[in-house]
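Student: File work.cif below, mmCIF, C-alpha atoms:
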```
data_protein
loop_
_atom_site.label_atom_id
_atom_site.label_comp_id
_atom_site.auth_asym_id
_atom_site.auth_seq_id
_atom_site.Cartn_x
_atom_site.Cartn_y
_atom_site.Cartn_z
CA MET G 117 -5.68 -14.02 16.95
CA ARG G 118 -8.78 -12.14 15.88
CA ILE G 119 -9.36 -11.63 12.14
CA ARG G 120 -12.07 -9.03 11.54
CA ASP G 121 -14.77 -9.54 8.95
CA ASP G 122 -13.77 -6.50 6.87
CA VAL G 123 -11.33 -8.76 4.99
CA LEU G 124 -11.17 -12.30 3.65
CA LEU G 125 -7.87 -14.15 4.02
CA GLY G 126 -6.44 -17.17 2.21
CA GLN G 127 -3.01 -18.78 2.76
CA HIS G 128 -1.19 -21.77 1.36
CA SER G 129 2.43 -22.93 1.13
CA HIS G 130 3.87 -26.05 -0.52
CA VAL G 131 7.35 -27.53 -0.80
CA GLY G 132 6.92 -27.96 -4.54
CA MET G 133 7.76 -30.93 -6.75
CA ALA G 134 11.56 -30.75 -6.72
CA ARG G 135 12.75 -29.65 -3.28
CA THR G 136 12.74 -31.60 -0.03
CA ALA G 137 12.42 -28.66 2.39
CA ASN G 138 10.22 -25.59 2.38
CA GLU G 139 12.33 -22.46 2.82
CA ASP G 140 9.32 -20.16 2.32
CA PHE G 141 7.46 -18.76 5.29
CA PHE G 142 4.48 -16.46 5.69
CA GLY G 143 2.80 -14.53 8.48
CA TYR G 144 -0.27 -12.46 9.29
CA TRP G 145 -1.00 -10.12 12.17
CA GLU G 146 -3.72 -7.81 13.36
CA ALA G 147 -4.26 -6.58 16.89
CA ASP G 148 -7.05 -8.01 19.03
CA ASP G 149 -7.96 -4.65 20.58
CA ASP G 150 -9.72 -2.14 18.34
CA ARG G 151 -7.63 0.88 19.29
CA THR G 152 -4.33 -0.74 18.30
CA PHE G 153 -5.93 -2.08 15.14
CA ASP G 154 -7.13 1.41 14.17
CA LEU G 155 -3.61 2.75 14.60
CA LYS G 156 -1.59 -0.13 13.09
CA GLY G 157 -3.93 -1.88 10.66
CA ARG G 158 -3.11 -5.45 9.63
CA LEU G 159 0.16 -6.86 8.31
CA VAL G 160 0.68 -9.62 5.72
CA VAL G 161 4.16 -10.93 4.87
CA VAL G 162 5.78 -13.58 2.65
CA CYS G 163 9.48 -14.48 2.85
CA ASP G 164 11.56 -16.81 0.66
CA GLY G 165 14.71 -18.03 2.43
CA MET G 166 18.06 -18.77 0.82
CA GLY G 167 21.35 -20.25 1.94
CA GLY G 168 20.73 -23.98 1.96
CA HIS G 169 18.02 -26.02 3.67
CA ALA G 170 18.89 -25.03 7.23
CA GLY G 171 19.86 -21.45 6.46
CA GLY G 172 16.90 -20.70 4.21
CA GLU G 173 14.32 -22.11 6.60
CA ILE G 174 15.73 -20.24 9.58
CA ALA G 175 16.19 -16.98 7.68
CA SER G 176 12.61 -16.82 6.37
CA ARG G 177 11.05 -17.79 9.71
CA LEU G 178 13.21 -15.38 11.65
CA ALA G 179 12.45 -12.58 9.21
CA VAL G 180 8.67 -13.07 9.43
CA LYS G 181 8.73 -13.33 13.23
CA THR G 182 10.87 -10.21 13.60
CA ILE G 183 8.86 -8.10 11.16
CA ILE G 184 5.59 -8.87 12.94
CA GLU G 185 6.99 -8.34 16.44
CA ALA G 186 8.86 -5.16 15.51
CA TYR G 187 5.90 -3.62 13.68
CA GLN G 188 3.56 -4.53 16.49
CA GLY G 189 5.86 -2.96 19.07
CA ASP G 190 6.83 0.19 17.15
CA THR G 191 5.45 3.26 18.92
CA SER G 192 5.41 5.57 15.88
CA ASP G 193 2.00 6.54 14.48
CA ASP G 194 3.53 6.70 11.00
CA VAL G 195 2.79 3.41 9.25
CA MET G 196 5.52 3.86 6.65
CA GLU G 197 8.21 4.45 9.21
CA SER G 198 6.99 1.63 11.45
CA LEU G 199 7.07 -0.76 8.50
CA ARG G 200 10.52 0.40 7.42
CA HIS G 201 11.89 0.03 10.96
CA ALA G 202 10.42 -3.48 11.27
CA ILE G 203 12.01 -4.65 8.02
CA GLU G 204 15.36 -3.10 8.93
CA LYS G 205 15.15 -4.84 12.32
CA ALA G 206 14.53 -8.15 10.54
CA ASN G 207 17.61 -7.60 8.37
CA GLU G 208 19.71 -6.87 11.44
CA THR G 209 18.38 -9.93 13.29
CA VAL G 210 18.93 -12.38 10.43
CA TYR G 211 22.40 -10.97 9.76
CA LYS G 212 23.50 -11.26 13.39
CA GLU G 213 22.20 -14.84 13.60
CA GLY G 214 24.19 -15.78 10.50
CA GLN G 215 27.38 -14.22 11.89
CA LYS G 216 27.47 -16.20 15.14
CA PRO G 217 30.68 -18.30 15.32
CA ASN G 218 28.83 -21.50 16.24
CA ASN G 219 26.42 -21.14 13.29
CA THR G 220 28.78 -21.93 10.42
CA LYS G 221 26.00 -23.67 8.45
CA LEU G 222 23.95 -20.49 8.60
CA LYS G 223 26.65 -18.11 7.41
CA GLY G 224 25.45 -16.14 4.41
CA MET G 225 21.80 -17.04 4.89
CA GLY G 226 19.19 -14.52 3.84
CA SER G 227 15.62 -14.06 2.67
CA THR G 228 13.53 -12.13 0.21
CA MET G 229 10.51 -10.34 1.64
CA THR G 230 7.30 -8.73 0.43
CA THR G 231 4.83 -7.33 2.92
CA LEU G 232 1.82 -5.07 3.07
CA VAL G 233 -0.05 -3.18 5.76
CA GLN G 234 -3.72 -2.45 5.15
CA ARG G 235 -5.01 0.39 7.31
CA ARG G 236 -8.37 1.94 6.59
CA ASP G 237 -8.34 3.08 2.95
CA LEU G 238 -4.58 2.85 2.35
CA VAL G 239 -2.32 -0.11 1.63
CA TYR G 240 1.43 0.18 2.26
CA PHE G 241 4.03 -2.10 0.65
CA GLY G 242 7.49 -3.10 1.85
CA GLN G 243 9.85 -4.84 -0.57
CA VAL G 244 13.28 -6.49 -0.51
CA GLY G 245 14.14 -9.11 -3.15
CA ASP G 246 11.94 -10.78 -5.77
CA SER G 247 8.89 -12.03 -3.90
CA ARG G 248 5.92 -10.07 -5.18
CA CYS G 249 2.61 -8.43 -4.36
CA TYR G 250 -0.13 -8.00 -6.97
CA LEU G 251 -3.37 -6.04 -6.89
CA ILE G 252 -6.43 -7.57 -8.54
CA ARG G 253 -9.27 -5.15 -9.15
CA GLY G 254 -12.22 -6.03 -11.33
CA ASN G 255 -10.91 -7.71 -14.46
CA ALA G 256 -7.35 -6.44 -14.19
CA ILE G 257 -4.15 -7.30 -12.34
CA GLN G 258 -1.08 -5.17 -11.58
CA GLN G 259 2.24 -5.98 -9.94
CA MET G 260 2.60 -3.50 -7.08
CA THR G 261 6.18 -4.26 -6.04
CA LYS G 262 9.39 -4.14 -8.05
CA ASP G 263 11.87 -7.01 -8.07
CA HIS G 264 15.40 -6.39 -6.82
CA SER G 265 16.88 -8.81 -9.33
CA LEU G 266 19.42 -8.83 -12.12
CA VAL G 267 16.81 -9.48 -14.81
CA GLN G 268 14.66 -6.60 -13.53
CA GLN G 269 17.67 -4.30 -13.82
CA LEU G 270 18.21 -5.51 -17.39
CA VAL G 271 14.56 -4.70 -18.13
CA ASP G 272 14.92 -1.25 -16.55
CA GLU G 273 17.94 -0.53 -18.76
CA GLY G 274 16.11 -1.64 -21.89
CA LEU G 275 18.36 -4.66 -22.41
CA LEU G 276 15.64 -7.24 -21.87
CA ASP G 277 11.89 -7.43 -22.46
CA LYS G 278 9.67 -8.23 -19.48
CA SER G 279 8.36 -11.28 -21.32
CA GLU G 280 11.92 -12.68 -21.37
CA MET G 281 12.53 -12.40 -17.62
CA GLU G 282 11.40 -15.86 -16.57
CA ASN G 283 13.45 -17.65 -19.23
CA HIS G 284 16.70 -15.74 -18.67
CA PRO G 285 19.60 -17.89 -17.36
CA ASP G 286 20.25 -15.38 -14.55
CA LYS G 287 16.64 -15.00 -13.44
CA ASN G 288 17.45 -16.28 -9.92
CA VAL G 289 20.12 -13.67 -9.21
CA ILE G 290 18.77 -11.15 -6.70
CA LEU G 291 20.43 -7.86 -5.84
CA ARG G 292 18.89 -7.25 -2.41
CA SER G 293 17.90 -9.58 0.40
CA LEU G 294 17.42 -9.56 4.15
CA GLY G 295 20.28 -10.70 6.37
CA VAL G 296 23.15 -10.89 3.89
CA LYS G 297 24.60 -7.49 4.79
CA PRO G 298 24.49 -5.40 7.99
CA SER G 299 22.03 -2.97 6.39
CA VAL G 300 19.58 -3.05 3.50
CA ASP G 301 17.69 -0.55 1.38
CA VAL G 302 13.95 -1.04 1.78
CA ASP G 303 11.39 0.05 -0.79
CA ILE G 304 8.26 1.49 0.86
CA SER G 305 5.28 2.67 -1.18
CA TYR G 306 1.55 3.09 -0.75
CA VAL G 307 -1.67 3.30 -2.74
CA PRO G 308 -5.33 3.90 -1.91
CA SER G 309 -7.49 0.81 -1.66
CA ALA G 310 -11.09 0.16 -2.67
CA GLU G 311 -13.67 -2.32 -1.47
CA GLY G 312 -13.36 -5.54 -3.43
CA ASP G 313 -9.60 -5.25 -4.00
CA VAL G 314 -7.65 -8.50 -3.72
CA TYR G 315 -3.95 -8.41 -2.84
CA LEU G 316 -1.89 -11.45 -3.80
CA LEU G 317 1.48 -11.92 -2.09
CA CYS G 318 3.69 -14.75 -3.31
CA SER G 319 7.18 -16.17 -3.54
CA ASP G 320 8.81 -16.56 -6.94
CA GLY G 321 7.80 -20.22 -6.90
CA LEU G 322 4.39 -18.98 -8.06
CA SER G 323 5.26 -15.89 -10.13
CA GLY G 324 8.03 -17.76 -11.99
CA LEU G 325 5.58 -20.33 -13.36
CA VAL G 326 2.06 -18.91 -13.29
CA SER G 327 1.32 -15.92 -15.51
CA GLU G 328 -0.47 -12.80 -14.34
CA LYS G 329 -3.35 -13.69 -16.67
CA GLU G 330 -3.73 -17.07 -14.98
CA MET G 331 -3.55 -15.53 -11.50
CA LEU G 332 -6.34 -13.14 -12.50
CA GLN G 333 -8.46 -15.93 -13.97
CA ILE G 334 -8.18 -18.16 -10.90
CA VAL G 335 -8.88 -15.39 -8.38
CA SER G 336 -11.76 -13.97 -10.45
CA ALA G 337 -13.32 -17.42 -10.80
CA GLY G 338 -13.03 -18.00 -7.07
CA LEU G 339 -14.75 -14.69 -6.30
CA LYS G 340 -17.50 -15.41 -8.83
CA ASN G 341 -18.13 -18.89 -7.46
CA GLY G 342 -18.06 -17.79 -3.84
CA SER G 343 -15.02 -19.91 -3.02
CA ASP G 344 -13.14 -19.09 0.16
CA MET G 345 -9.76 -17.46 -0.21
CA ARG G 346 -7.90 -20.50 1.08
CA LYS G 347 -9.29 -22.69 -1.69
CA THR G 348 -8.29 -20.07 -4.26
CA ALA G 349 -4.75 -19.94 -2.81
CA GLU G 350 -4.54 -23.74 -3.06
CA GLN G 351 -5.63 -23.62 -6.71
CA LEU G 352 -2.84 -21.17 -7.52
CA VAL G 353 -0.25 -23.38 -5.83
CA ASP G 354 -1.64 -26.49 -7.55
CA LEU G 355 -1.22 -24.83 -10.96
CA ALA G 356 2.43 -23.98 -10.22
CA ASN G 357 3.00 -27.61 -9.24
CA ARG G 358 1.39 -28.81 -12.48
CA TYR G 359 3.88 -26.62 -14.35
CA GLY G 360 6.76 -28.38 -12.61
CA GLY G 361 6.88 -26.90 -9.12
CA HIS G 362 10.65 -26.47 -9.27
CA ASP G 363 10.68 -24.21 -6.18
CA ASN G 364 8.79 -23.76 -2.93
CA ILE G 365 5.45 -22.03 -3.54
CA THR G 366 3.70 -19.68 -1.12
CA VAL G 367 0.60 -17.53 -1.59
CA GLN G 368 -1.37 -15.19 0.66
CA LEU G 369 -4.59 -13.56 -0.55
CA LEU G 370 -6.22 -10.60 1.19
CA MET G 371 -9.59 -9.34 -0.03
CA VAL G 372 -10.64 -5.92 1.28
CA ARG G 373 -14.37 -5.91 2.03
CA SER G 374 -14.51 -2.53 3.76
CA THR G 375 -12.29 0.56 4.04
CA LYS G 376 -14.25 2.33 6.77
CA SER G 377 -12.41 4.65 9.14
CA GLY G 378 -11.33 3.59 12.59
CA ALA G 379 -14.05 2.72 15.07
CA THR G 380 -12.21 4.10 18.11
CA ASP G 381 -11.69 7.69 16.89
CA SER G 382 -13.17 9.68 19.78
CA ALA G 383 -12.18 13.20 18.71
CA PRO G 384 -15.06 15.62 19.49
CA LYS G 385 -16.89 16.59 16.30
CA GLU G 386 -16.45 20.29 16.97
CA THR G 387 -12.64 19.92 17.01
CA VAL G 388 -12.42 18.40 13.54
CA THR G 389 -12.06 20.74 10.56
CA ALA G 390 -15.10 20.39 8.30
CA SER G 391 -15.68 21.02 4.61
CA PHE G 392 -19.24 22.12 3.74
CA THR G 393 -21.11 21.95 0.46
CA GLN G 394 -22.52 25.15 -1.01
CA ASP G 395 -25.99 24.39 0.37
CA GLU G 396 -24.59 23.65 3.83
CA VAL G 397 -22.72 26.98 3.85
CA ALA G 398 -25.89 28.84 2.82
CA ALA G 399 -27.91 27.08 5.53
CA SER G 400 -25.32 27.88 8.20
CA ILE G 401 -25.23 31.58 7.22
CA ALA G 402 -29.05 31.77 7.15
CA LYS G 403 -29.24 30.24 10.63
CA ALA G 404 -26.64 32.67 11.97
CA ARG G 405 -28.59 35.65 10.54
CA ALA G 406 -31.85 34.40 12.04
CA ASP G 407 -30.20 33.91 15.45
CA ALA G 408 -28.69 37.40 15.28
CA ALA G 409 -32.04 38.98 14.35
CA ALA G 410 -33.75 37.16 17.22
CA LYS G 411 -31.24 38.74 19.61
CA GLY G 412 -31.99 42.21 18.25
CA LYS G 413 -28.71 42.56 16.38
CA VAL G 414 -28.59 44.62 13.20
CA VAL G 415 -27.89 42.25 10.33
CA THR G 416 -25.67 43.82 7.67
CA PRO G 417 -26.45 42.52 4.17
CA PRO G 418 -23.54 41.39 2.00
CA PRO G 419 -21.91 44.14 -0.10
CA PRO G 420 -23.19 44.51 -3.69
CA SER G 421 -19.92 43.23 -5.15
CA ALA G 422 -20.47 39.94 -3.37
CA ALA G 423 -24.22 39.72 -4.06
CA GLY G 424 -24.40 40.48 -7.78
CA ALA G 425 -26.60 38.60 -10.19
CA SER G 426 -25.41 35.21 -8.97
CA ASN G 427 -25.40 36.02 -5.21
CA ALA G 428 -22.53 35.57 -2.76
CA LEU G 429 -22.61 31.77 -2.82
CA SER G 430 -22.63 31.28 -6.57
CA ALA G 431 -18.91 30.42 -6.77
CA PRO G 432 -18.38 26.66 -6.44
CA ILE G 433 -16.98 25.54 -3.11
CA PRO G 434 -14.51 22.64 -3.33
CA LEU G 435 -16.07 19.49 -1.94
CA THR G 436 -14.17 17.09 0.27
CA GLN G 437 -12.61 14.42 -1.89
CA PRO G 438 -12.82 10.70 -1.08
CA SER G 439 -10.35 9.87 1.65
CA MET G 440 -7.94 8.88 -1.10
CA PRO G 441 -8.51 8.81 -4.85
CA ILE G 442 -9.27 5.38 -6.23
CA PRO G 443 -6.75 4.08 -8.78
CA SER G 444 -7.98 2.52 -11.99
CA ILE G 445 -6.37 -0.33 -13.87
CA GLU G 446 -6.35 -0.91 -17.60
CA PRO G 447 -7.57 -4.37 -18.68
CA ALA G 448 -4.93 -7.07 -18.46
CA LYS G 449 -3.15 -7.90 -21.69
CA PRO G 450 -3.34 -11.52 -22.89
CA ALA G 451 -0.46 -13.75 -21.86
CA GLY G 452 0.50 -17.33 -22.54
CA GLY G 453 -0.24 -19.92 -19.87
CA GLY G 454 2.54 -21.21 -17.72
CA GLY G 455 5.08 -18.73 -18.94
CA GLY G 456 5.15 -16.70 -15.78
CA GLY G 457 5.18 -12.95 -15.49
CA GLY G 458 2.43 -12.48 -18.08
CA GLY G 459 1.01 -9.14 -19.11
CA GLY G 460 -1.10 -6.91 -16.93
CA GLY G 461 -2.61 -3.51 -16.87
CA LYS G 462 -0.76 -0.42 -15.87
CA LEU G 463 -1.98 1.08 -12.64
CA PHE G 464 -2.85 4.74 -12.80
CA LEU G 465 -3.69 6.71 -9.69
CA GLY G 466 -5.30 9.38 -11.83
CA LEU G 467 -5.10 12.95 -10.73
CA LEU G 468 -4.57 12.50 -7.02
CA LEU G 469 -2.52 10.45 -4.53
CA GLY G 470 -0.24 7.85 -6.05
CA LEU G 471 0.75 10.29 -8.77
CA VAL G 472 4.44 9.84 -9.42
CA ILE G 473 5.78 13.26 -10.24
CA GLY G 474 7.95 12.93 -13.30
CA ALA G 475 7.85 12.28 -16.99
CA GLY G 476 4.65 10.32 -17.55
CA ALA G 477 5.03 7.73 -14.81
CA THR G 478 3.03 4.59 -15.43
CA PHE G 479 3.54 2.87 -12.10
CA GLY G 480 1.13 4.62 -9.76
CA VAL G 481 2.98 4.48 -6.52
CA LEU G 482 3.96 7.50 -4.51
CA LYS G 483 7.33 6.64 -2.98
CA ALA G 484 7.48 7.18 0.73
CA GLN G 485 9.82 9.91 1.83
CA GLY G 486 11.61 10.05 5.17
CA GLY G 487 10.30 11.87 8.16
CA GLY G 488 8.70 10.89 11.41
CA GLY G 489 5.09 10.66 12.44
CA ASP G 490 5.27 13.47 14.97
CA LYS G 491 3.34 16.71 14.92
CA GLY G 492 6.32 18.71 13.62
CA ALA G 493 6.71 16.50 10.56
CA ALA G 494 3.01 16.78 9.78
CA GLN G 495 3.08 20.58 10.14
CA ALA G 496 6.14 20.78 7.90
CA ALA G 497 4.30 18.77 5.25
CA GLN G 498 1.30 21.08 5.65
CA GLN G 499 3.48 24.16 5.08
CA ALA G 500 5.05 22.58 2.01
CA ALA G 501 1.59 21.92 0.56
CA THR G 502 0.18 25.38 1.24
CA ALA G 503 3.31 26.95 -0.25
CA VAL G 504 2.39 25.58 -3.70
CA GLN G 505 -1.41 25.63 -3.27
CA ALA G 506 -1.93 28.63 -5.53
CA LYS G 507 -0.14 26.85 -8.39
CA GLY G 508 -2.54 23.92 -8.48
CA GLY G 509 -4.27 25.00 -11.67
CA ALA G 510 -6.97 22.58 -12.80
CA LEU G 511 -6.08 20.21 -9.97
CA LYS G 512 -6.40 22.78 -7.20
CA GLY G 513 -9.83 21.54 -6.11
CA ALA G 514 -8.53 18.00 -5.75
CA GLY G 515 -5.52 19.21 -3.81
CA ASP G 516 -7.71 21.34 -1.54
CA GLY G 517 -9.75 18.26 -0.66
CA LEU G 518 -6.62 16.36 0.38
CA LEU G 519 -5.37 19.39 2.30
CA ALA G 520 -8.65 19.53 4.24
CA GLN G 521 -8.35 15.84 5.09
CA GLY G 522 -4.84 16.44 6.39
CA GLU G 523 -6.07 19.29 8.56
CA ARG G 524 -8.75 17.06 10.07
CA ALA G 525 -6.23 14.33 10.80
CA LEU G 526 -3.86 16.92 12.32
CA ALA G 527 -6.63 18.25 14.57
CA ALA G 528 -7.45 14.70 15.66
CA GLY G 529 -3.81 14.04 16.57
CA ASP G 530 -3.28 11.46 13.81
CA TYR G 531 0.01 13.01 12.68
CA GLY G 532 1.18 10.17 10.46
CA GLU G 533 -2.10 10.20 8.56
CA ALA G 534 -1.98 13.99 8.31
CA ARG G 535 1.50 13.93 6.81
CA VAL G 536 0.40 11.44 4.13
CA ARG G 537 -2.54 13.66 3.15
CA PHE G 538 -0.45 16.84 3.08
CA GLU G 539 2.23 15.18 0.93
CA ALA G 540 -0.46 13.97 -1.45
CA ALA G 541 -1.93 17.48 -1.67
CA ARG G 542 1.49 18.94 -2.46
CA ALA G 543 2.02 16.34 -5.19
CA VAL G 544 -1.34 17.20 -6.76
CA TYR G 545 -0.69 20.95 -6.66
CA GLU G 546 2.70 20.47 -8.29
CA ALA G 547 1.18 18.23 -10.96
CA GLY G 548 -1.43 20.88 -11.71
CA ALA G 549 1.28 23.48 -12.14
CA LYS G 550 2.90 21.53 -14.99
#
```
In structure tokens, what does this structure look like?
Tutor:
Amino acid sequence: MRIRDDVLLGQHSHVGMARTANEDFFGYWEADDDRTFDLKGRLVVVCDGMGGHAGGEIASRLAVKTIIEAYQGDTSDDVMESLRHAIEKANETVYKEGQKPNNTKLKGMGSTMTTLVQRRDLVYFGQVGDSRCYLIRGNAIQQMTKDHSLVQQLVDEGLLDKSEMENHPDKNVILRSLGVKPSVDVDISYVPSAEGDVYLLCSDGLSGLVSEKEMLQIVSAGLKNGSDMRKTAEQLVDLANRYGGHDNITVQLLMVRSTKSGATDSAPKETVTASFTQDEVAASIAKARADAAAKGKVVTPPPPSAAGASNALSAPIPLTQPSMPIPSIEPAKPAGGGGGGGGGGKLFLGLLLGLVIGAGATFGVLKAQGGGGDKGAAQAAQQAATAVQAKGGALKGAGDGLLAQGERALAAGDYGEARVRFEAARAVYEAGAK
């Protein structure tokens, strides 16, 4: 399998110091051909099996295999829906395997799962259970997924502090997993990515023993020293083992070196909606007037109301925004070593995409809504955005930039991408109206 040089990848899994079988499993996929890669991106997944030695091993391996195959084969151009379908297919496959009459030892088997898809400048997350994905940016770390566990629910209800999660007697009780029931609720979310971002996917064998502060220190030191990602992954696993290694430990690290757009986009330039700067607009108008004069046409000057003291082009023209706004992370809070689940900055997606509409959200993830990746869904999202465009207030310029990006994607036939941009624009307009 081809791994392109726009990322660095590190992987390591260990049975730990207490168990005799490794029920964790991990996988990575990216297409060999550039066109498929541009459409699907790359997929990284970590699964933690449960249900005894045989059941746990089979469940995690079957889940990883099914997610990769189903995502690879999904024909939708909507990454969120493709990822959701792949995870749901894995749940169905693991459940059916555990229900076979001749597989009594596998009955009740299941697996946690955390996965991400990195495509251009966006990263999508899929989550079931308590395996985790973290984002490391600069000198800060943030957990990007939310555990489906009893202790997390206690934290959400204000009955338990986050610092108490790893020492709670019921910390191993999970509320969602793949393969235990015929269907499962899947959390899908996405954030913009920046060059230099490092995504850390792991089973709870790491996050239950190694604090966020320690994860950040080890990854940052590896980047500073020029270590390869595999060596950094091994150092993380080694630390968990030094703290007791009571569970299987699995880590995957993905460093994003480039977020450039797809190389196989062959849409003619003249068919893609453009956004000009003020100077570019003035130059285009001047050229059109000169061409008209050369053809003997009478050039009508702009009306006085438009010319005025500042001239017709004095009003600022919204510039195209970056393909997605870049989130910022507050510095990580100090945490004790070896306690697991240490502090960490809150991720804020600022004024644009990733804004969670609601009362002061601090987890900057825009939850994926339903809807397909077809042209109709993209156009519906476009209409929803333009319907609230006038209410954007101070954020209208930002929303207009996202709207323009959606229009370009729509014109290029990238309907899934267009829908994401239109939904982001609508969210920004609505935030500006508050």
Student: Find the residue from G:Leu270, G:Met281, G:Leu291, G:Leu332 that sits nearest to Tyr250 in chain G; use all atoms listed in the file when measuring.
Tutor: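 Among the listed residues, the smallest separation from Tyr250 in chain G belongs to G:Leu332.
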Student: Mind pulling up the distance from CA of Val536 in chain G to CA of Ala497 in chain G?
Tutor: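 Straight-line distance from CA of Ala497 in chain G to CA of Val536 in chain G works out to 8.4 Å.
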Student: Apply the PyMOL selection byres ((chain G and resi 359) around 12) to the displayed file and report the matching residues as a VMD selection string.
Tutor: chain G and resid 132 to 134 321 to 327 352 to 358 360 to 363 365 453 to 456
Student: Evaluate the PyMOL selection byres ((chain G and resi 296) around 8) here and jot the selected residues down as an MDAnalysis selection string.
Tutor: chainID G and resid 207 210:211 224:226 293:295 297:298
Student: Residues of the last selection are to be written out with C-alpha atoms, as a PDB file, in the frame of the given file.
Tutor:
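Listed below is the output, part_9.pdb:
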```pdb
ATOM      1  CA  ASN G 207      17.610  -7.600   8.370  1.00  0.00           C
ATOM      2  CA  VAL G 210      18.930 -12.380  10.430  1.00  0.00           C
ATOM      3  CA  TYR G 211      22.400 -10.970   9.760  1.00  0.00           C
ATOM      4  CA  GLY G 224      25.450 -16.140   4.410  1.00  0.00           C
ATOM      5  CA  MET G 225      21.800 -17.040   4.890  1.00  0.00           C
ATOM      6  CA  GLY G 226      19.190 -14.520   3.840  1.00  0.00           C
ATOM      7  CA  SER G 293      17.900  -9.580   0.400  1.00  0.00           C
ATOM      8  CA  LEU G 294      17.420  -9.560   4.150  1.00  0.00           C
ATOM      9  CA  GLY G 295      20.280 -10.700   6.370  1.00  0.00           C
ATOM     10  CA  LYS G 297      24.600  -7.490   4.790  1.00  0.00           C
ATOM     11  CA  PRO G 298      24.490  -5.400   7.990  1.00  0.00           C
TER      12      PRO G 298
END
```
Student: Evaluate the PyMOL selection byres ((chain G and resi 313) around 7) on the structure here and hand back the selected residues as a PDB file with C-alpha atoms, keeping the file's coordinate frame.
Tutor:
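Wrote it out as selection-v9.pdb, contents follow:
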```pdb
ATOM      1  CA  LEU G 251      -3.370  -6.040  -6.890  1.00  0.00           C
ATOM      2  CA  ILE G 252      -6.430  -7.570  -8.540  1.00  0.00           C
ATOM      3  CA  ARG G 253      -9.270  -5.150  -9.150  1.00  0.00           C
ATOM      4  CA  SER G 309      -7.490   0.810  -1.660  1.00  0.00           C
ATOM      5  CA  ALA G 310     -11.090   0.160  -2.670  1.00  0.00           C
ATOM      6  CA  GLU G 311     -13.670  -2.320  -1.470  1.00  0.00           C
ATOM      7  CA  GLY G 312     -13.360  -5.540  -3.430  1.00  0.00           C
ATOM      8  CA  VAL G 314      -7.650  -8.500  -3.720  1.00  0.00           C
ATOM      9  CA  TYR G 315      -3.950  -8.410  -2.840  1.00  0.00           C
ATOM     10  CA  MET G 371      -9.590  -9.340  -0.030  1.00  0.00           C
ATOM     11  CA  VAL G 372     -10.640  -5.920   1.280  1.00  0.00           C
TER      12      VAL G 372
END
```
Student: Considering all atoms listed in the file, tabulate each residue of range 480-543 of chain G that lies at most 12 Å from range 156-168 of chain G along with its nearest interatomic pair and the corresponding distance in Å to one decimal; arrange the rows by chain and ascending residue number and present them as a Markdown table.
Tutor:
```
| residue | atom | partner | partner_atom | distance |
| --- | --- | --- | --- | --- |
| G:Asp530 | CA | G:Lys156 | CA | 11.7 |
| G:Gly532 | CA | G:Lys156 | CA | 11.0 |
| G:Glu533 | CA | G:Lys156 | CA | 11.3 |
```
Student: For the atom pair CA of Ala408 in chain G and CA of Gln394 in chain G, what is the interatomic distance in Å to one decimal place?
Tutor: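 Taking CA of Ala408 in chain G as the start and CA of Gln394 in chain G as the end point, the length is 21.3 Å.
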Student: Point out the residue among G:Asp121, G:Gly126, G:Thr393, G:Lys181 with the least atom-to-atom distance to Ser343 in chain G, counting only C-alpha atoms.
Tutor: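 For Ser343 in chain G, the nearest of the candidates is G:Gly126.
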Student: For each of G:Thr152, G:Gln495, G:Gln259, G:Ser227, take the minimum atom-to-atom distance to Ile203 in chain G, counting all atoms listed in the file, then give the residue where this is smallest.
Tutor: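 Closest to Ile203 in chain G of all the choices is G:Ser227.
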Student: Residues near Met345 in chain G, anyone? I mean within 9 Å using only C-alpha atoms, not counting same-chain ones fewer than 5 positions away, as a list in words.
Tutor: Leu124, Leu125, Gly126, Gln127, Val335, Gly338, Leu339, Glu350, Gln368, Leu369, Leu370 and Met371 of chain G
Student: Nearest to Arg135 in chain G among G:Ser279, G:Asn341, G:Asn288, G:Asn364, with distances taken over all atoms listed in the file: which residue is it?
Tutor: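 For Arg135 in chain G, the nearest of the given residues is G:Asn364.
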Student: Could you list, as an MDAnalysis selection string, every residue within 6 Å of His128 in chain G, counting all atoms listed in the file and ignoring same-chain residues fewer than 2 positions away?
Tutor: chainID G and resid 349:350 366:367
Student: Report as JSON lines: every residue of range 213-284 of chain G with an atom at most 12 Å from range 188-202 of chain G, its closest pair of atoms, and their distance in Å to one decimal, counting only C-alpha atoms, with rows sorted by chain and ascending residue number.
Tutor:
```
{"residue": "G:Met229", "atom": "CA", "partner": "G:Ala202", "partner_atom": "CA", "distance": 11.8}
{"residue": "G:Thr230", "atom": "CA", "partner": "G:Leu199", "partner_atom": "CA", "distance": 11.3}
{"residue": "G:Thr231", "atom": "CA", "partner": "G:Leu199", "partner_atom": "CA", "distance": 8.9}
{"residue": "G:Leu232", "atom": "CA", "partner": "G:Leu199", "partner_atom": "CA", "distance": 8.7}
{"residue": "G:Val233", "atom": "CA", "partner": "G:Val195", "partner_atom": "CA", "distance": 8.0}
{"residue": "G:Gln234", "atom": "CA", "partner": "G:Val195", "partner_atom": "CA", "distance": 9.7}
{"residue": "G:Arg235", "atom": "CA", "partner": "G:Val195", "partner_atom": "CA", "distance": 8.6}
{"residue": "G:Arg236", "atom": "CA", "partner": "G:Val195", "partner_atom": "CA", "distance": 11.6}
{"residue": "G:Leu238", "atom": "CA", "partner": "G:Val195", "partner_atom": "CA", "distance": 10.1}
{"residue": "G:Val239", "atom": "CA", "partner": "G:Val195", "partner_atom": "CA", "distance": 9.8}
{"residue": "G:Tyr240", "atom": "CA", "partner": "G:Met196", "partner_atom": "CA", "distance": 7.0}
{"residue": "G:Phe241", "atom": "CA", "partner": "G:Leu199", "partner_atom": "CA", "distance": 8.5}
{"residue": "G:Gly242", "atom": "CA", "partner": "G:Leu199", "partner_atom": "CA", "distance": 7.1}
{"residue": "G:Gln243", "atom": "CA", "partner": "G:Arg200", "partner_atom": "CA", "distance": 9.6}
{"residue": "G:Val244", "atom": "CA", "partner": "G:Arg200", "partner_atom": "CA", "distance": 10.9}
```
